[in-house]
file target.pdb (PDB, C-alpha atoms and all ligand atoms)
MODEL        1
ATOM      1  CA  MET A   1     154.441 -23.601-115.535
ATOM      2  CA  SER A   2     153.725 -22.379-119.093
ATOM      3  CA  LEU A   3     151.014 -19.848-118.218
ATOM      4  CA  SER A   4     151.704 -16.773-116.140
ATOM      5  CA  LEU A   5     149.548 -13.709-115.338
ATOM      6  CA  ARG A   6     150.759 -10.342-114.103
ATOM      7  CA  VAL A   7     149.789  -6.682-113.933
ATOM      8  CA  ALA A   8     150.941  -4.811-117.043
ATOM      9  CA  THR A   9     153.244  -1.781-117.199
ATOM     10  CA  ASN A  10     154.025   0.472-120.134
ATOM     11  CA  ARG A  11     156.811  -1.948-121.086
ATOM     12  CA  ASP A  12     153.992  -4.247-122.225
ATOM     13  CA  VAL A  13     152.413  -1.763-124.643
ATOM     14  CA  ASP A  14     153.904  -3.233-127.845
ATOM     15  CA  ASP A  15     152.871  -6.779-126.918
ATOM     16  CA  VAL A  16     149.405  -5.711-125.800
ATOM     17  CA  VAL A  17     148.837  -3.856-129.076
ATOM     18  CA  ARG A  18     150.153  -6.842-131.058
ATOM     19  CA  VAL A  19     147.752  -9.255-129.327
ATOM     20  CA  ILE A  20     144.651  -7.078-129.526
ATOM     21  CA  ARG A  21     145.353  -5.929-133.092
ATOM     22  CA  ALA A  22     145.579  -9.566-134.154
ATOM     23  CA  VAL A  23     142.052 -10.099-132.831
ATOM     24  CA  TYR A  24     140.813  -6.935-134.571
ATOM     25  CA  ASP A  25     142.385  -8.095-137.848
ATOM     26  CA  GLU A  26     140.793 -11.523-137.386
ATOM     27  CA  TYR A  27     137.344  -9.906-137.183
ATOM     28  CA  SER A  28     138.142  -7.107-139.712
ATOM     29  CA  PHE A  29     137.397  -4.481-137.058
ATOM     30  CA  ALA A  30     138.734  -0.927-137.372
ATOM     31  CA  TRP A  31     141.741   0.187-135.276
ATOM     32  CA  GLU A  32     141.853   3.719-133.780
ATOM     33  CA  GLU A  33     145.232   4.432-132.191
ATOM     34  CA  ASP A  34     144.207   7.968-131.197
ATOM     35  CA  GLY A  35     140.610   7.110-130.338
ATOM     36  CA  TYR A  36     138.967   3.934-129.122
ATOM     37  CA  HIS A  37     142.328   2.183-128.565
ATOM     38  CA  ALA A  38     144.305   5.104-127.105
ATOM     39  CA  ASP A  39     144.230   3.490-123.621
ATOM     40  CA  LEU A  40     146.434   0.632-124.901
ATOM     41  CA  TYR A  41     149.311   2.992-125.729
ATOM     42  CA  ASP A  42     149.639   4.282-122.141
ATOM     43  CA  LEU A  43     148.440   1.471-119.873
ATOM     44  CA  GLU A  44     149.746   3.043-116.672
ATOM     45  CA  LYS A  45     147.922   6.322-117.241
ATOM     46  CA  ALA A  46     144.718   4.725-118.534
ATOM     47  CA  TYR A  47     144.477   2.031-115.825
ATOM     48  CA  ALA A  48     146.776   2.050-112.760
ATOM     49  CA  ALA A  49     146.745   5.843-112.387
ATOM     50  CA  ILE A  50     142.951   5.886-112.001
ATOM     51  CA  GLY A  51     142.663   2.794-109.808
ATOM     52  CA  ASP A  52     142.016   0.189-112.484
ATOM     53  CA  THR A  53     144.173  -2.818-113.389
ATOM     54  CA  PHE A  54     145.383  -4.107-116.738
ATOM     55  CA  TYR A  55     146.663  -7.697-116.828
ATOM     56  CA  VAL A  56     148.704  -9.636-119.359
ATOM     57  CA  ALA A  57     148.936 -13.391-119.743
ATOM     58  CA  THR A  58     152.129 -14.954-121.035
ATOM     59  CA  TRP A  59     152.524 -18.461-122.388
ATOM     60  CA  GLN A  60     156.096 -19.757-122.314
ATOM     61  CA  GLY A  61     157.275 -16.170-121.962
ATOM     62  CA  GLU A  62     155.277 -14.749-124.866
ATOM     63  CA  THR A  63     152.355 -12.372-124.289
ATOM     64  CA  VAL A  64     149.193 -14.052-125.563
ATOM     65  CA  GLY A  65     146.309 -12.481-123.641
ATOM     66  CA  THR A  66     144.995  -9.338-121.976
ATOM     67  CA  ALA A  67     142.208  -8.276-119.611
ATOM     68  CA  ALA A  68     141.376  -5.288-117.442
ATOM     69  CA  LEU A  69     139.410  -4.717-114.248
ATOM     70  CA  GLU A  70     137.649  -1.372-113.963
ATOM     71  CA  ARG A  71     136.279  -0.227-110.608
ATOM     72  CA  PHE A  72     133.513   2.323-110.027
ATOM     73  CA  ASP A  73     130.669   3.273-107.707
ATOM     74  CA  ALA A  74     127.639   1.058-108.287
ATOM     75  CA  VAL A  75     125.712   2.064-111.409
ATOM     76  CA  PRO A  76     122.445   3.585-110.168
ATOM     77  CA  GLY A  77     119.195   1.738-110.819
ATOM     78  CA  GLU A  78     117.635  -1.639-110.293
ATOM     79  CA  ILE A  79     120.102  -4.530-110.219
ATOM     80  CA  GLY A  80     120.459  -5.985-113.711
ATOM     81  CA  ALA A  81     118.372  -3.288-115.411
ATOM     82  CA  ILE A  82     119.838  -1.509-118.444
ATOM     83  CA  VAL A  83     120.027   2.159-117.498
ATOM     84  CA  GLU A  84     121.394   5.294-119.107
ATOM     85  CA  HIS A  85     124.273   6.582-117.002
ATOM     86  CA  ASN A  86     126.573   9.453-118.012
ATOM     87  CA  GLY A  87     125.462   9.102-121.628
ATOM     88  CA  PHE A  88     126.005   5.332-121.945
ATOM     89  CA  LEU A  89     123.772   2.302-121.511
ATOM     90  CA  ARG A  90     125.025   0.476-118.423
ATOM     91  CA  VAL A  91     123.982  -2.380-116.119
ATOM     92  CA  GLY A  92     122.340  -1.244-112.886
ATOM     93  CA  GLY A  93     124.026  -2.372-109.670
ATOM     94  CA  ALA A  94     127.404  -3.210-111.244
ATOM     95  CA  ASP A  95     130.417  -1.847-109.340
ATOM     96  CA  CYS A  96     133.185  -3.162-111.602
ATOM     97  CA  SER A  97     133.648  -4.421-115.133
ATOM     98  CA  ILE A  98     135.865  -6.692-117.184
ATOM     99  CA  GLU A  99     137.378  -4.921-120.171
ATOM    100  CA  ARG A 100     139.769  -5.725-122.986
ATOM    101  CA  LEU A 101     139.613  -9.524-122.676
ATOM    102  CA  TYR A 102     141.486 -10.828-125.698
ATOM    103  CA  VAL A 103     143.570 -13.895-126.443
ATOM    104  CA  HIS A 104     145.711 -14.034-129.572
ATOM    105  CA  PRO A 105     144.252 -16.493-132.125
ATOM    106  CA  ASN A 106     147.398 -18.674-131.762
ATOM    107  CA  GLY A 107     147.057 -18.880-127.988
ATOM    108  CA  ARG A 108     143.458 -20.006-127.617
ATOM    109  CA  LYS A 109     141.831 -23.118-126.152
ATOM    110  CA  ARG A 110     144.554 -23.693-123.569
ATOM    111  CA  GLY A 111     142.768 -22.010-120.669
ATOM    112  CA  VAL A 112     144.323 -18.544-121.032
ATOM    113  CA  GLY A 113     140.962 -16.751-121.323
ATOM    114  CA  GLN A 114     139.535 -18.619-118.332
ATOM    115  CA  ALA A 115     142.657 -17.879-116.257
ATOM    116  CA  LEU A 116     142.421 -14.157-117.051
ATOM    117  CA  MET A 117     138.729 -14.125-116.105
ATOM    118  CA  ASN A 118     139.431 -16.053-112.896
ATOM    119  CA  ARG A 119     142.104 -13.514-111.888
ATOM    120  CA  VAL A 120     139.893 -10.506-112.591
ATOM    121  CA  ILE A 121     136.995 -12.073-110.682
ATOM    122  CA  GLU A 122     139.211 -13.100-107.755
ATOM    123  CA  ASP A 123     140.710  -9.617-107.421
ATOM    124  CA  ALA A 124     137.259  -8.005-107.576
ATOM    125  CA  ARG A 125     135.856 -10.421-104.969
ATOM    126  CA  ASN A 126     138.812  -9.999-102.632
ATOM    127  CA  GLU A 127     138.240  -6.275-102.426
ATOM    128  CA  GLY A 128     134.530  -6.660-101.744
ATOM    129  CA  ARG A 129     133.056  -5.804-105.148
ATOM    130  CA  SER A 130     129.503  -7.115-105.656
ATOM    131  CA  ARG A 131     128.663  -7.292-109.346
ATOM    132  CA  MET A 132     130.659  -7.313-112.572
ATOM    133  CA  GLU A 133     129.397  -5.681-115.749
ATOM    134  CA  ILE A 134     130.358  -7.245-119.074
ATOM    135  CA  TRP A 135     129.665  -5.810-122.529
ATOM    136  CA  SER A 136     130.584  -8.111-125.376
ATOM    137  CA  ASP A 137     130.305  -7.934-129.165
ATOM    138  CA  LYS A 138     127.530 -10.264-130.291
ATOM    139  CA  ARG A 139     129.979 -11.985-132.673
ATOM    140  CA  PHE A 140     132.253 -13.082-129.792
ATOM    141  CA  THR A 141     130.409 -16.335-129.194
ATOM    142  CA  ASP A 142     133.470 -18.082-127.664
ATOM    143  CA  ALA A 143     133.541 -15.376-125.000
ATOM    144  CA  HIS A 144     129.826 -15.753-124.244
ATOM    145  CA  ARG A 145     130.271 -19.442-123.452
ATOM    146  CA  LEU A 146     133.139 -18.529-121.126
ATOM    147  CA  TYR A 147     131.139 -15.815-119.361
ATOM    148  CA  GLU A 148     128.087 -18.014-118.943
ATOM    149  CA  ARG A 149     130.193 -20.915-117.597
ATOM    150  CA  LEU A 150     131.400 -18.512-114.912
ATOM    151  CA  GLY A 151     127.812 -17.599-113.990
ATOM    152  CA  ALA A 152     127.222 -14.380-115.952
ATOM    153  CA  ARG A 153     123.760 -13.826-117.397
ATOM    154  CA  VAL A 154     122.639 -11.709-120.354
ATOM    155  CA  VAL A 155     120.595  -8.735-119.134
ATOM    156  CA  GLY A 156     120.368  -6.537-122.234
ATOM    157  CA  GLU A 157     122.008  -5.133-125.325
ATOM    158  CA  ARG A 158     123.369  -1.897-126.796
ATOM    159  CA  ILE A 159     125.351  -0.474-129.690
ATOM    160  CA  CYS A 160     128.969   0.187-128.698
ATOM    161  CA  ASP A 161     130.665   3.565-129.277
ATOM    162  CA  ASP A 162     133.565   1.833-131.093
ATOM    163  CA  PRO A 163     134.444   2.670-134.726
ATOM    164  CA  ASP A 164     132.436  -0.362-135.916
ATOM    165  CA  VAL A 165     129.335   0.600-133.881
ATOM    166  CA  SER A 166     129.248  -3.011-132.760
ATOM    167  CA  PRO A 167     126.092  -4.598-131.375
ATOM    168  CA  GLU A 168     126.862  -5.920-127.888
ATOM    169  CA  TRP A 169     125.264  -8.140-125.288
ATOM    170  CA  GLY A 170     125.270  -6.822-121.739
ATOM    171  CA  LEU A 171     125.872  -9.388-119.001
ATOM    172  CA  LEU A 172     125.969  -9.280-115.221
ATOM    173  CA  LEU A 173     128.052 -11.537-112.993
ATOM    174  CA  ASP A 174     127.273 -11.725-109.275
ATOM    175  CA  LEU A 175     130.547 -11.886-107.369
TER
HETATM  176  C1  LIG B   1     137.016 -15.448-125.772
HETATM  177  C2  LIG B   1     138.502 -15.690-125.657
HETATM  178  C3  LIG B   1     139.128 -14.605-124.819
HETATM  179  C4  LIG B   1     138.713 -17.060-124.993
HETATM  180  O1  LIG B   1     140.117 -17.264-124.866
HETATM  181  P1  LIG B   1     140.745 -18.744-124.734
HETATM  182  O2  LIG B   1     142.104 -18.565-124.197
HETATM  183  O3  LIG B   1     140.580 -19.502-125.975
HETATM  184  O4  LIG B   1     139.785 -19.351-123.602
HETATM  185  P2  LIG B   1     139.914 -20.774-122.894
HETATM  186  O5  LIG B   1     141.044 -21.539-123.477
HETATM  187  O6  LIG B   1     139.921 -20.544-121.434
HETATM  188  O7  LIG B   1     138.523 -21.453-123.280
HETATM  189  C5  LIG B   1     138.150 -21.601-124.655
HETATM  190  C6  LIG B   1     137.742 -23.035-124.932
HETATM  191  O8  LIG B   1     138.898 -23.899-124.873
HETATM  192  C7  LIG B   1     138.636 -24.982-123.989
HETATM  193  N1  LIG B   1     139.910 -25.373-123.378
HETATM  194  C8  LIG B   1     140.531 -24.789-122.338
HETATM  195  N2  LIG B   1     141.695 -25.416-122.069
HETATM  196  C9  LIG B   1     141.809 -26.400-123.002
HETATM  197  C10 LIG B   1     142.780 -27.377-123.260
HETATM  198  N3  LIG B   1     143.896 -27.465-122.514
HETATM  199  N4  LIG B   1     142.585 -28.221-124.296
HETATM  200  C11 LIG B   1     141.480 -28.129-125.060
HETATM  201  N5  LIG B   1     140.486 -27.207-124.864
HETATM  202  C12 LIG B   1     140.679 -26.367-123.845
HETATM  203  C13 LIG B   1     137.635 -24.421-123.017
HETATM  204  O9  LIG B   1     136.904 -25.444-122.384
HETATM  205  C14 LIG B   1     136.770 -23.590-123.929
HETATM  206  O10 LIG B   1     135.848 -24.449-124.593
HETATM  207  P3  LIG B   1     134.545 -23.928-125.412
HETATM  208  O11 LIG B   1     135.064 -23.337-126.701
HETATM  209  O12 LIG B   1     133.762 -25.162-125.638
HETATM  210  O13 LIG B   1     133.835 -22.931-124.584
HETATM  211  C15 LIG B   1     139.158 -15.740-127.083
HETATM  212  O14 LIG B   1     138.457 -16.681-127.856
HETATM  213  C16 LIG B   1     139.146 -14.388-127.793
HETATM  214  O15 LIG B   1     140.019 -13.550-127.583
HETATM  215  N6  LIG B   1     138.140 -14.212-128.652
HETATM  216  C17 LIG B   1     138.028 -12.982-129.463
HETATM  217  C18 LIG B   1     137.849 -11.766-128.606
HETATM  218  C19 LIG B   1     136.767 -11.888-127.578
HETATM  219  O16 LIG B   1     135.770 -12.554-127.762
HETATM  220  N7  LIG B   1     136.957 -11.182-126.478
HETATM  221  C20 LIG B   1     135.957 -11.020-125.473
HETATM  222  C21 LIG B   1     135.623  -9.592-125.511
HETATM  223  S1  LIG B   1     134.161  -9.223-124.624
ENDMDL
END

call {"tool": "encode", "arguments": {"input": "target.pdb", "output": "structure tokens", "more": "lines below"}}
Ligand SMILES: CC(C)(COP(=O)(O)OP(=O)(O)OC[C@H]1O[C@@H](n2cnc3c(N)ncnc32)[C@H](O)[C@@H]1OP(=O)(O)O)[C@@H](O)C(=O)NCCC(=O)NCCS
result
Amino acid sequence: MSLSLRVATNRDVDDVVRVIRAVYDEYSFAWEEDGYHADLYDLEKAYAAIGDTFYVATWQGETVGTAALERFDAVPGEIGAIVEHNGFLRVGGADCSIERLYVHPNGRKRGVGQALMNRVIEDARNEGRSRMEIWSDKRFTDAHRLYERLGARVVGERICDDPDVSPEWGLLLDL
């Protein structure tokens, strides 16, 4: 089969950076190796070591996509309400989130993004998680169609703490 998904290790760092940087260049977003993107340069420390999971998708052996599952205690507050929690706007009731979902521009519209989402959702469900939080730049309209097809609903908005201070939609997906 052409498409394969697996958990990333630090041997994947160069490919992960290549894929995500291509998306940032596509949107003319700023890149911060020592700041907002520092997690990508030590995937094992930033994800596996704290109980989270970073995945890569390969197409015919080449890395074309990424996604991460973050796990946490349920965000306090009413389910689906936007609440301030530890200094950030968050979605009440969420106990996991999808992060870093990116597919290289050359690898899109072949089902890679959907496959990454399906894997993250399946892993979260299998371990008994209840609700997935999703924050997504308002310009990522392809992603919003994908999220909504999978049953996520928009519950609010915020300004991200990234270098571009990006406006984001907040979504919640019942698992
Ligand atoms: C959003 C994103 C991850 C989707 O990745 P993708 O691999 O293109 O996703 P898929 O291929 O699963 O689905 C995309 C579209 O291709 C279609 N598609 C899937 N397989 C296909 C195939 N074999 N042939 C033709 N179309 C196909 C899907 O139906 C979907 O259609 P839509 O555009 O009408 O919604 C990608 O566009 C991306 O990285 N965007 C920029 C960054 C981003 O938005 N990230 C999300 C951060 S929150």

call {"tool": "closest_atom_pairs", "arguments": {"input": "target.pdb", "of": "chain A", "to": "ligand LIG 1 (chain B)", "cutoff": "8 Å", "atoms": "only C-alpha atoms and all ligand atoms", "output": "JSON lines"}}
result
{"residue": "A:Val23", "atom": "CA", "partner": "B:LIG1", "partner_atom": "C17", "distance": 6.0}
{"residue": "A:Gly65", "atom": "CA", "partner": "B:LIG1", "partner_atom": "O2", "distance": 7.4}
{"residue": "A:Glu99", "atom": "CA", "partner": "B:LIG1", "partner_atom": "S1", "distance": 7.0}
{"residue": "A:Arg100", "atom": "CA", "partner": "B:LIG1", "partner_atom": "C21", "distance": 6.2}
{"residue": "A:Leu101", "atom": "CA", "partner": "B:LIG1", "partner_atom": "C20", "distance": 4.8}
{"residue": "A:Tyr102", "atom": "CA", "partner": "B:LIG1", "partner_atom": "O15", "distance": 3.6}
{"residue": "A:Val103", "atom": "CA", "partner": "B:LIG1", "partner_atom": "O15", "distance": 3.7}
{"residue": "A:His104", "atom": "CA", "partner": "B:LIG1", "partner_atom": "O15", "distance": 6.0}
{"residue": "A:Pro105", "atom": "CA", "partner": "B:LIG1", "partner_atom": "O15", "distance": 6.9}
{"residue": "A:Gly107", "atom": "CA", "partner": "B:LIG1", "partner_atom": "O2", "distance": 6.2}
{"residue": "A:Arg108", "atom": "CA", "partner": "B:LIG1", "partner_atom": "O3", "distance": 3.4}
{"residue": "A:Lys109", "atom": "CA", "partner": "B:LIG1", "partner_atom": "O5", "distance": 3.2}
{"residue": "A:Arg110", "atom": "CA", "partner": "B:LIG1", "partner_atom": "N2", "distance": 3.7}
{"residue": "A:Gly111", "atom": "CA", "partner": "B:LIG1", "partner_atom": "O6", "distance": 3.3}
{"residue": "A:Val112", "atom": "CA", "partner": "B:LIG1", "partner_atom": "O2", "distance": 3.9}
{"residue": "A:Gly113", "atom": "CA", "partner": "B:LIG1", "partner_atom": "O2", "distance": 3.6}
{"residue": "A:Gln114", "atom": "CA", "partner": "B:LIG1", "partner_atom": "O6", "distance": 3.7}
{"residue": "A:Ala115", "atom": "CA", "partner": "B:LIG1", "partner_atom": "O6", "distance": 6.4}
{"residue": "A:Ile134", "atom": "CA", "partner": "B:LIG1", "partner_atom": "S1", "distance": 7.0}
{"residue": "A:Trp135", "atom": "CA", "partner": "B:LIG1", "partner_atom": "S1", "distance": 6.0}
{"residue": "A:Ser136", "atom": "CA", "partner": "B:LIG1", "partner_atom": "S1", "distance": 3.8}
{"residue": "A:Asp137", "atom": "CA", "partner": "B:LIG1", "partner_atom": "S1", "distance": 6.1}
{"residue": "A:Arg139", "atom": "CA", "partner": "B:LIG1", "partner_atom": "O16", "distance": 7.6}
{"residue": "A:Phe140", "atom": "CA", "partner": "B:LIG1", "partner_atom": "O16", "distance": 4.1}
{"residue": "A:Thr141", "atom": "CA", "partner": "B:LIG1", "partner_atom": "O16", "distance": 6.7}
{"residue": "A:Asp142", "atom": "CA", "partner": "B:LIG1", "partner_atom": "C1", "distance": 4.8}
{"residue": "A:Ala143", "atom": "CA", "partner": "B:LIG1", "partner_atom": "C1", "distance": 3.6}
{"residue": "A:His144", "atom": "CA", "partner": "B:LIG1", "partner_atom": "C1", "distance": 7.4}
{"residue": "A:Arg145", "atom": "CA", "partner": "B:LIG1", "partner_atom": "O13", "distance": 5.1}
{"residue": "A:Leu146", "atom": "CA", "partner": "B:LIG1", "partner_atom": "O13", "distance": 5.6}

call {"tool": "closest_residue", "arguments": {"input": "target.pdb", "among": "A:Leu173, A:Val155, A:Pro163, A:Val91", "to": "Asp34 (chain A)", "atoms": "only C-alpha atoms"}}
result
A:Pro163

call {"tool": "atom_distance", "arguments": {"input": "target.pdb", "atom1": "CA of Gly93 (chain A)", "atom2": "CA of Ala152 (chain A)"}}
result
13.9 Å

call {"tool": "closest_atom_pairs", "arguments": {"input": "target.pdb", "of": "region 105-139 of chain A", "to": "region 41-56 of chain A", "cutoff": "12 Å", "atoms": "all atoms listed in the file", "output": "Markdown table"}}
result
| residue | atom | partner | partner_atom | distance |
| --- | --- | --- | --- | --- |
| A:Val112 | CA | A:Val56 | CA | 10.1 |
| A:Gly113 | CA | A:Val56 | CA | 10.7 |
| A:Ala115 | CA | A:Val56 | CA | 10.7 |
| A:Leu116 | CA | A:Tyr55 | CA | 7.7 |
| A:Met117 | CA | A:Tyr55 | CA | 10.2 |
| A:Asn118 | CA | A:Tyr55 | CA | 11.7 |
| A:Arg119 | CA | A:Tyr55 | CA | 8.9 |
| A:Val120 | CA | A:Tyr55 | CA | 8.5 |
| A:Asp123 | CA | A:Thr53 | CA | 9.7 |
| A:Ala124 | CA | A:Thr53 | CA | 10.4 |

call {"tool": "resolve_selection", "arguments": {"input": "target.pdb", "expression": "the PyMOL selection byres (((chain A and resi 162) around 10) and not hetatm)", "output": "list in words"}}
result
Phe29, Ala30, Trp31, Glu32, Gly35, Tyr36, His37, Ile159, Cys160, Asp161, Pro163, Asp164, Val165, Ser166 and Pro167 of chain A

call {"tool": "atom_distance", "arguments": {"input": "target.pdb", "atom1": "CA of Glu133 (chain A)", "atom2": "CA of Ile121 (chain A)"}}
result
11.1 Å

call {"tool": "closest_residue", "arguments": {"input": "target.pdb", "among": "A:Arg129, A:Asn10, A:Ala57, A:Leu172", "to": "Asp39 (chain A)", "atoms": "only C-alpha atoms"}}
result
A:Asn10

call {"tool": "residues_around", "arguments": {"input": "target.pdb", "residues": "Leu89 (chain A)", "least_positions_apart": "2", "cutoff": "10 Å", "atoms": "all atoms listed in the file", "output": "list of chain:residue names"}}
result
A:Ala81, A:Ile82, A:Val83, A:Glu84, A:His85, A:Asn86, A:Gly87, A:Val91, A:Gly92, A:Gly156, A:Glu157, A:Arg158, A:Ile159, A:Cys160, A:Gly170

call {"tool": "atom_distance", "arguments": {"input": "target.pdb", "atom1": "CA of Val17 (chain A)", "atom2": "CA of Glu62 (chain A)"}}
result
13.3 Å

call {"tool": "closest_residue", "arguments": {"input": "target.pdb", "among": "A:Thr63, A:Ala22, A:Asp174, A:Val13", "to": "Ser97 (chain A)", "atoms": "all atoms listed in the file"}}
result
A:Asp174

call {"tool": "closest_residue", "arguments": {"input": "target.pdb", "among": "A:Asp14, A:Ile98, A:Leu171, A:Gly151", "to": "Ile79 (chain A)", "atoms": "only C-alpha atoms"}}
result
A:Leu171

call {"tool": "closest_residue", "arguments": {"input": "target.pdb", "among": "A:Asn106, A:Ala74, A:Glu122, A:Glu148", "to": "Val19 (chain A)", "atoms": "all atoms listed in the file"}}
result
A:Asn106

call {"tool": "closest_residue", "arguments": {"input": "target.pdb", "among": "A:Arg125, A:Arg71, A:Arg18, A:Lys138", "to": "Val154 (chain A)", "atoms": "all atoms listed in the file"}}
result
A:Lys138
